[in-house]
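Here is query-v1.cif, consisting of mmCIF, C-alpha atoms; chains and numbers go by the auth columns:
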```cif
data_coords
#
loop_
_atom_site.group_PDB
_atom_site.id
_atom_site.type_symbol
_atom_site.label_atom_id
_atom_site.label_comp_id
_atom_site.label_asym_id
_atom_site.label_seq_id
_atom_site.Cartn_x
_atom_site.Cartn_y
_atom_site.Cartn_z
_atom_site.B_iso_or_equiv
_atom_site.auth_seq_id
_atom_site.auth_asym_id
ATOM 1 C CA MET A 1 -29.668 10.116 -22.542 0.00 26 A
ATOM 2 C CA SER A 2 -26.532 12.216 -22.399 0.00 27 A
ATOM 3 C CA ARG A 3 -24.991 12.749 -18.967 0.00 28 A
ATOM 4 C CA THR A 4 -22.503 15.326 -17.736 0.00 29 A
ATOM 5 C CA ARG A 5 -19.698 13.470 -16.006 0.00 30 A
ATOM 6 C CA VAL A 6 -16.511 14.372 -14.161 0.00 31 A
ATOM 7 C CA TYR A 7 -13.417 12.137 -14.015 0.00 32 A
ATOM 8 C CA LEU A 8 -10.649 13.550 -11.823 0.00 33 A
ATOM 9 C CA ALA A 9 -7.841 12.557 -9.528 0.00 34 A
ATOM 10 C CA CYS A 10 -7.396 14.447 -6.288 0.00 35 A
ATOM 11 C CA SER A 11 -5.050 14.436 -3.351 0.00 36 A
ATOM 12 C CA LEU A 12 -6.196 13.344 0.099 0.00 37 A
ATOM 13 C CA ASP A 13 -6.558 17.005 1.027 0.00 38 A
ATOM 14 C CA GLY A 14 -8.799 17.724 -1.982 0.00 39 A
ATOM 15 C CA PHE A 15 -6.462 19.302 -4.517 0.00 40 A
ATOM 16 C CA ILE A 16 -6.690 18.472 -8.235 0.00 41 A
ATOM 17 C CA ALA A 17 -3.355 20.137 -8.970 0.00 42 A
ATOM 18 C CA GLY A 18 -0.517 21.425 -6.883 0.00 43 A
ATOM 19 C CA PRO A 19 0.805 24.987 -6.934 0.00 44 A
ATOM 20 C CA ASN A 20 1.533 26.231 -10.471 0.00 45 A
ATOM 21 C CA ASN A 21 -0.631 23.394 -11.881 0.00 46 A
ATOM 22 C CA ASP A 22 1.914 20.805 -10.726 0.00 47 A
ATOM 23 C CA LEU A 23 0.730 17.270 -11.531 0.00 48 A
ATOM 24 C CA SER A 24 3.971 15.457 -10.710 0.00 49 A
ATOM 25 C CA TRP A 25 2.236 13.836 -7.707 0.00 50 A
ATOM 26 C CA LEU A 26 -0.093 11.882 -10.021 0.00 51 A
ATOM 27 C CA PRO A 27 0.787 8.354 -11.055 0.00 52 A
ATOM 28 C CA ASN A 28 1.836 8.473 -14.725 0.00 53 A
ATOM 29 C CA ALA A 29 1.517 12.279 -14.757 0.00 54 A
ATOM 30 C CA ASP A 30 3.850 12.438 -17.734 0.00 55 A
ATOM 31 C CA THR A 31 1.514 10.328 -19.887 0.00 56 A
ATOM 32 C CA GLY A 32 -1.749 12.128 -19.204 0.00 57 A
ATOM 33 C CA PRO A 33 -4.885 11.011 -17.381 0.00 58 A
ATOM 34 C CA ALA A 34 -4.397 7.245 -17.661 0.00 59 A
ATOM 35 C CA ALA A 35 -3.373 5.231 -14.605 0.00 60 A
ATOM 36 C CA SER A 36 -2.703 1.588 -13.848 0.00 61 A
ATOM 37 C CA PRO A 37 -5.932 -0.365 -14.209 0.00 62 A
ATOM 38 C CA ALA A 38 -7.871 -2.173 -11.550 0.00 63 A
ATOM 39 C CA THR A 39 -10.547 -4.722 -12.217 0.00 64 A
ATOM 40 C CA SER A 40 -13.481 -2.925 -10.575 0.00 65 A
ATOM 41 C CA ALA A 41 -12.436 0.717 -10.994 0.00 66 A
ATOM 42 C CA VAL A 42 -13.419 2.816 -13.992 0.00 67 A
ATOM 43 C CA THR A 43 -10.286 3.252 -16.086 0.00 68 A
ATOM 44 C CA PHE A 44 -9.814 6.366 -18.152 0.00 69 A
ATOM 45 C CA GLU A 45 -10.096 4.246 -21.285 0.00 70 A
ATOM 46 C CA ALA A 46 -13.473 2.816 -20.192 0.00 71 A
ATOM 47 C CA PHE A 47 -14.696 6.260 -19.141 0.00 72 A
ATOM 48 C CA ILE A 48 -13.672 8.021 -22.352 0.00 73 A
ATOM 49 C CA ALA A 49 -15.330 5.318 -24.482 0.00 74 A
ATOM 50 C CA ASP A 50 -18.732 6.686 -23.356 0.00 75 A
ATOM 51 C CA ILE A 51 -17.799 10.320 -24.005 0.00 76 A
ATOM 52 C CA GLY A 52 -19.019 12.167 -27.088 0.00 77 A
ATOM 53 C CA ALA A 53 -17.623 15.629 -26.281 0.00 78 A
ATOM 54 C CA LEU A 54 -15.581 17.446 -23.664 0.00 79 A
ATOM 55 C CA LEU A 55 -16.028 20.794 -21.970 0.00 80 A
ATOM 56 C CA MET A 56 -12.919 21.968 -20.164 0.00 81 A
ATOM 57 C CA GLY A 57 -11.547 25.107 -18.630 0.00 82 A
ATOM 58 C CA ARG A 58 -8.724 27.034 -20.237 0.00 83 A
ATOM 59 C CA THR A 59 -6.189 26.250 -17.507 0.00 84 A
ATOM 60 C CA THR A 60 -6.964 22.540 -17.826 0.00 85 A
ATOM 61 C CA TYR A 61 -6.575 22.764 -21.589 0.00 86 A
ATOM 62 C CA ASP A 62 -3.224 24.514 -21.252 0.00 87 A
ATOM 63 C CA VAL A 63 -2.014 21.795 -18.865 0.00 88 A
ATOM 64 C CA VAL A 64 -3.250 18.939 -21.094 0.00 89 A
ATOM 65 C CA THR A 65 -1.512 20.361 -24.156 0.00 90 A
ATOM 66 C CA GLY A 66 1.741 20.059 -22.200 0.00 91 A
ATOM 67 C CA PHE A 67 1.372 16.293 -21.690 0.00 92 A
ATOM 68 C CA ALA A 68 3.837 14.072 -23.504 0.00 93 A
ATOM 69 C CA GLY A 69 2.342 11.614 -25.944 0.00 94 A
ATOM 70 C CA PRO A 70 -0.675 11.714 -28.223 0.00 95 A
ATOM 71 C CA TRP A 71 -3.762 13.864 -27.686 0.00 96 A
ATOM 72 C CA PRO A 72 -5.656 11.902 -24.978 0.00 97 A
ATOM 73 C CA TYR A 73 -9.198 12.544 -26.275 0.00 98 A
ATOM 74 C CA GLY A 74 -8.999 11.192 -29.802 0.00 99 A
ATOM 75 C CA GLN A 75 -11.260 12.862 -32.340 0.00 100 A
ATOM 76 C CA ARG A 76 -13.954 13.902 -29.873 0.00 101 A
ATOM 77 C CA PRO A 77 -15.033 17.541 -29.997 0.00 102 A
ATOM 78 C CA VAL A 78 -13.428 19.575 -27.202 0.00 103 A
ATOM 79 C CA LEU A 79 -14.908 22.890 -26.098 0.00 104 A
ATOM 80 C CA VAL A 80 -12.540 25.092 -24.123 0.00 105 A
ATOM 81 C CA ALA A 81 -14.182 27.741 -21.944 0.00 106 A
ATOM 82 C CA THR A 82 -12.037 30.809 -22.469 0.00 107 A
ATOM 83 C CA ASN A 83 -12.112 34.535 -23.089 0.00 108 A
ATOM 84 C CA ARG A 84 -8.559 34.535 -24.455 0.00 109 A
ATOM 85 C CA PRO A 85 -7.413 33.694 -27.986 0.00 110 A
ATOM 86 C CA LEU A 86 -6.974 29.949 -28.397 0.00 111 A
ATOM 87 C CA GLU A 87 -4.661 28.070 -30.700 0.00 112 A
ATOM 88 C CA PRO A 88 -6.199 24.594 -30.977 0.00 113 A
ATOM 89 C CA ALA A 89 -3.806 21.700 -30.401 0.00 114 A
ATOM 90 C CA VAL A 90 -5.915 19.547 -32.728 0.00 115 A
ATOM 91 C CA PRO A 91 -8.755 20.361 -35.176 0.00 116 A
ATOM 92 C CA GLU A 92 -11.404 19.056 -32.746 0.00 117 A
ATOM 93 C CA VAL A 93 -10.702 21.854 -30.233 0.00 118 A
ATOM 94 C CA ARG A 94 -12.678 25.081 -30.306 0.00 119 A
ATOM 95 C CA PRO A 95 -13.215 27.935 -27.861 0.00 120 A
ATOM 96 C CA THR A 96 -16.554 28.598 -26.202 0.00 121 A
ATOM 97 C CA ARG A 97 -18.012 31.057 -23.748 0.00 122 A
ATOM 98 C CA GLY A 98 -21.280 31.737 -22.018 0.00 123 A
ATOM 99 C CA THR A 99 -23.026 30.570 -18.883 0.00 124 A
ATOM 100 C CA ILE A 100 -22.322 27.105 -17.577 0.00 125 A
ATOM 101 C CA HIS A 101 -25.829 26.119 -18.754 0.00 126 A
ATOM 102 C CA GLU A 102 -25.152 27.361 -22.282 0.00 127 A
ATOM 103 C CA MET A 103 -21.777 25.647 -22.504 0.00 128 A
ATOM 104 C CA VAL A 104 -23.111 22.299 -21.223 0.00 129 A
ATOM 105 C CA VAL A 105 -25.998 22.461 -23.724 0.00 130 A
ATOM 106 C CA GLN A 106 -23.507 23.172 -26.510 0.00 131 A
ATOM 107 C CA ALA A 107 -21.315 20.244 -25.411 0.00 132 A
ATOM 108 C CA LYS A 108 -24.321 17.892 -25.243 0.00 133 A
ATOM 109 C CA LYS A 109 -25.271 18.814 -28.812 0.00 134 A
ATOM 110 C CA LEU A 110 -21.739 17.978 -29.940 0.00 135 A
ATOM 111 C CA ALA A 111 -21.791 14.722 -27.933 0.00 136 A
ATOM 112 C CA ASN A 112 -24.547 13.412 -30.214 0.00 137 A
ATOM 113 C CA GLY A 113 -26.302 11.379 -27.510 0.00 138 A
ATOM 114 C CA LYS A 114 -23.153 10.270 -25.725 0.00 139 A
ATOM 115 C CA ASP A 115 -21.915 11.677 -22.403 0.00 140 A
ATOM 116 C CA VAL A 116 -20.089 14.962 -21.826 0.00 141 A
ATOM 117 C CA TYR A 117 -16.794 14.952 -19.940 0.00 142 A
ATOM 118 C CA LEU A 118 -16.528 18.077 -17.799 0.00 143 A
ATOM 119 C CA ASP A 119 -12.969 18.884 -16.747 0.00 144 A
ATOM 120 C CA GLY A 120 -11.478 21.771 -14.779 0.00 145 A
ATOM 121 C CA GLY A 121 -12.065 22.863 -11.204 0.00 146 A
ATOM 122 C CA THR A 122 -13.896 26.113 -11.918 0.00 147 A
ATOM 123 C CA LEU A 123 -16.269 24.532 -14.439 0.00 148 A
ATOM 124 C CA VAL A 124 -16.926 21.552 -12.169 0.00 149 A
ATOM 125 C CA ARG A 125 -17.819 23.873 -9.272 0.00 150 A
ATOM 126 C CA GLN A 126 -20.077 25.995 -11.495 0.00 151 A
ATOM 127 C CA ALA A 127 -21.811 22.912 -12.900 0.00 152 A
ATOM 128 C CA LEU A 128 -22.307 21.419 -9.429 0.00 153 A
ATOM 129 C CA ASP A 129 -23.869 24.640 -8.173 0.00 154 A
ATOM 130 C CA ALA A 130 -26.110 24.742 -11.262 0.00 155 A
ATOM 131 C CA GLY A 131 -27.222 21.128 -10.776 0.00 156 A
ATOM 132 C CA LEU A 132 -25.695 20.028 -14.091 0.00 157 A
ATOM 133 C CA VAL A 133 -23.350 17.230 -12.954 0.00 158 A
ATOM 134 C CA ASP A 134 -24.760 13.715 -13.175 0.00 159 A
ATOM 135 C CA GLN A 135 -21.725 11.751 -12.002 0.00 160 A
ATOM 136 C CA LEU A 136 -18.325 12.348 -10.417 0.00 161 A
ATOM 137 C CA ILE A 137 -15.611 9.734 -10.569 0.00 162 A
ATOM 138 C CA LEU A 138 -12.899 10.835 -8.164 0.00 163 A
ATOM 139 C CA THR A 139 -9.708 8.870 -7.724 0.00 164 A
ATOM 140 C CA GLN A 140 -7.901 9.726 -4.502 0.00 165 A
ATOM 141 C CA VAL A 141 -4.138 9.551 -4.581 0.00 166 A
ATOM 142 C CA PRO A 142 -2.526 8.952 -1.162 0.00 167 A
ATOM 143 C CA VAL A 143 -0.622 12.211 -0.993 0.00 168 A
ATOM 144 C CA ALA A 144 -1.321 15.433 0.905 0.00 169 A
ATOM 145 C CA LEU A 145 -0.248 18.497 -1.065 0.00 170 A
ATOM 146 C CA GLY A 146 -1.048 21.240 1.443 0.00 171 A
ATOM 147 C CA ALA A 147 -1.612 23.785 -1.331 0.00 172 A
ATOM 148 C CA GLY A 148 -2.687 24.015 -4.934 0.00 173 A
ATOM 149 C CA HIS A 149 -5.963 24.024 -6.831 0.00 174 A
ATOM 150 C CA PRO A 150 -8.800 22.663 -4.678 0.00 175 A
ATOM 151 C CA LEU A 151 -11.691 20.783 -6.232 0.00 176 A
ATOM 152 C CA PHE A 152 -14.568 21.980 -4.060 0.00 177 A
ATOM 153 C CA THR A 153 -13.390 25.227 -2.456 0.00 178 A
ATOM 154 C CA GLY A 154 -15.578 27.977 -3.835 0.00 179 A
ATOM 155 C CA ILE A 155 -18.845 26.123 -4.367 0.00 180 A
ATOM 156 C CA SER A 156 -21.720 28.381 -3.416 0.00 181 A
ATOM 157 C CA GLN A 157 -23.735 25.792 -1.534 0.00 182 A
ATOM 158 C CA ARG A 158 -23.398 22.513 0.309 0.00 183 A
ATOM 159 C CA HIS A 159 -23.732 19.406 -1.858 0.00 184 A
ATOM 160 C CA ARG A 160 -24.557 15.859 -0.858 0.00 185 A
ATOM 161 C CA PHE A 161 -23.574 12.866 -2.949 0.00 186 A
ATOM 162 C CA GLU A 162 -24.817 9.315 -3.231 0.00 187 A
ATOM 163 C CA LEU A 163 -21.981 6.788 -3.184 0.00 188 A
ATOM 164 C CA ARG A 164 -22.494 4.471 -6.185 0.00 189 A
ATOM 165 C CA GLY A 165 -19.138 2.738 -6.018 0.00 190 A
ATOM 166 C CA CYS A 166 -15.890 2.579 -4.088 0.00 191 A
ATOM 167 C CA HIS A 167 -13.011 0.715 -5.692 0.00 192 A
ATOM 168 C CA ARG A 168 -9.339 0.148 -5.171 0.00 193 A
ATOM 169 C CA TYR A 169 -7.532 1.591 -8.172 0.00 194 A
ATOM 170 C CA GLY A 170 -4.108 0.196 -8.856 0.00 195 A
ATOM 171 C CA GLU A 171 -1.980 -0.515 -5.813 0.00 196 A
ATOM 172 C CA GLN A 172 -2.404 2.716 -3.873 0.00 197 A
ATOM 173 C CA MET A 173 -5.487 4.667 -4.957 0.00 198 A
ATOM 174 C CA VAL A 174 -9.194 4.602 -4.128 0.00 199 A
ATOM 175 C CA GLN A 175 -11.869 5.570 -6.607 0.00 200 A
ATOM 176 C CA LEU A 176 -15.262 6.962 -5.594 0.00 201 A
ATOM 177 C CA VAL A 177 -18.192 6.941 -8.000 0.00 202 A
ATOM 178 C CA LEU A 178 -20.630 9.616 -6.836 0.00 203 A
ATOM 179 C CA GLU A 179 -23.951 11.030 -7.977 0.00 204 A
ATOM 180 C CA PRO A 180 -25.013 14.407 -6.655 0.00 205 A
ATOM 181 C CA SER A 181 -28.147 14.618 -4.547 0.00 206 A
ATOM 182 C CA SER A 182 -30.047 17.882 -4.395 0.00 207 A
ATOM 183 C CA PRO A 183 -27.958 20.827 -3.165 0.00 208 A
ATOM 184 C CA VAL A 184 -28.447 21.532 0.526 0.00 209 A
ATOM 185 C CA ALA A 185 -28.843 25.129 1.702 0.00 210 A
ATOM 186 C CA ARG A 186 -26.300 26.265 4.283 0.00 211 A
#
```
Would you mind writing the file out in structure tokens?
Amino acid sequence: MSRTRVYLACSLDGFIAGPNNDLSWLPNADTGPAASPATSAVTFEAFIADIGALLMGRTTYDVVTGFAGPWPYGQRPVLVATNRPLEPAVPEVRPTRGTIHEMVVQAKKLANGKDVYLDGGTLVRQALDAGLVDQLILTQVPVALGAGHPLFTGISQRHRFELRGCHRYGEQMVQLVLEPSSPVAR
């Protein structure tokens, strides 16, 4: 059964990007989402192998298209949630719009039984609030940014998570594998 999964790095103070979408604080930021492997952590390569389609926000898409190197998602379909005109970086990219439910359903159809990779802070928050996220893999980088784009600020309700794994990732990072429990009313 297809799952909706999140794979993100965040700072110790909960930011997924610094001001102006700065990612220079990430290890290997110039080569995209990959990082040095660890034996028990979920590498980007292992994660993406289970992904059939991606759903990402427009800001995330714009940042990813600025990465040096090859397109990091291969030939998987990529839906970009946007209301603005979109020039696809590769033929697999197409714009989408609608409710978070509608966009996740569309991505799952494209995933053809494999998992959906949900990327972008706004979409992740919307999907969490809608109960559509099955797994979050968060890799914490030991840096405090103080400002930027927060991962969880703006969710409309409290969320609890079940810890399914905690791994050292590379020399300096810690990876949490989380599954959402039912949202908790404030």
The PyMOL selection byres ((chain A and resi 142-157) around 10) resolved against shown file, as an NGL selection string
:A and (28-33 or 40-42 or 72-73 or 75-86 or 103-106 or 124-126 or 128-130 or 132-133 or 136 or 139-141 or 158-161 or 174-184 or 205-208)
For the structure provided, state which residues fall under the PyMOL selection byres ((chain A and resi 168) around 10), and present them as a PyMOL selection string.
chain A and resi 35-40+50-51+165-167+169-171+198
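Distance-wise, atom CA of Pro102 of chain A and atom CA of Val115 of chain A end up 9.7 Å apart.
What separates atom CA of Glu70 of chain A from atom CA of Ser49 of chain A is a distance of 20.9 Å.
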Separation of atom CA of Ala34 of chain A from atom CA of Tyr98 of chain A in Å:
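Taking atom CA of Tyr98 of chain A as the start and atom CA of Ala34 of chain A as the end point, the length is 16.8 Å.
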Could you list, as a count of residues only, every residue matched by the PyMOL selection byres ((chain A and resi 201) around 7) in this structure?
10
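Minimum atom-to-atom distance to Pro44 of chain A, evaluated using only C-alpha atoms, belongs to A:Ala172 out of A:Asn137, A:Ala172, A:Arg189, A:Glu117.
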Let me have the centre and edge lengths of the axis-aligned box enclosing all listed atoms of segment 107-122 of chain A with 8 Å padding on every side, in Å to one decimal, as lines of an AutoDock Vina configuration file.
```
center_x = -10.9
center_y = 26.8
center_z = -28.8
size_x = 30.2
size_y = 31.5
size_z = 28.7
```
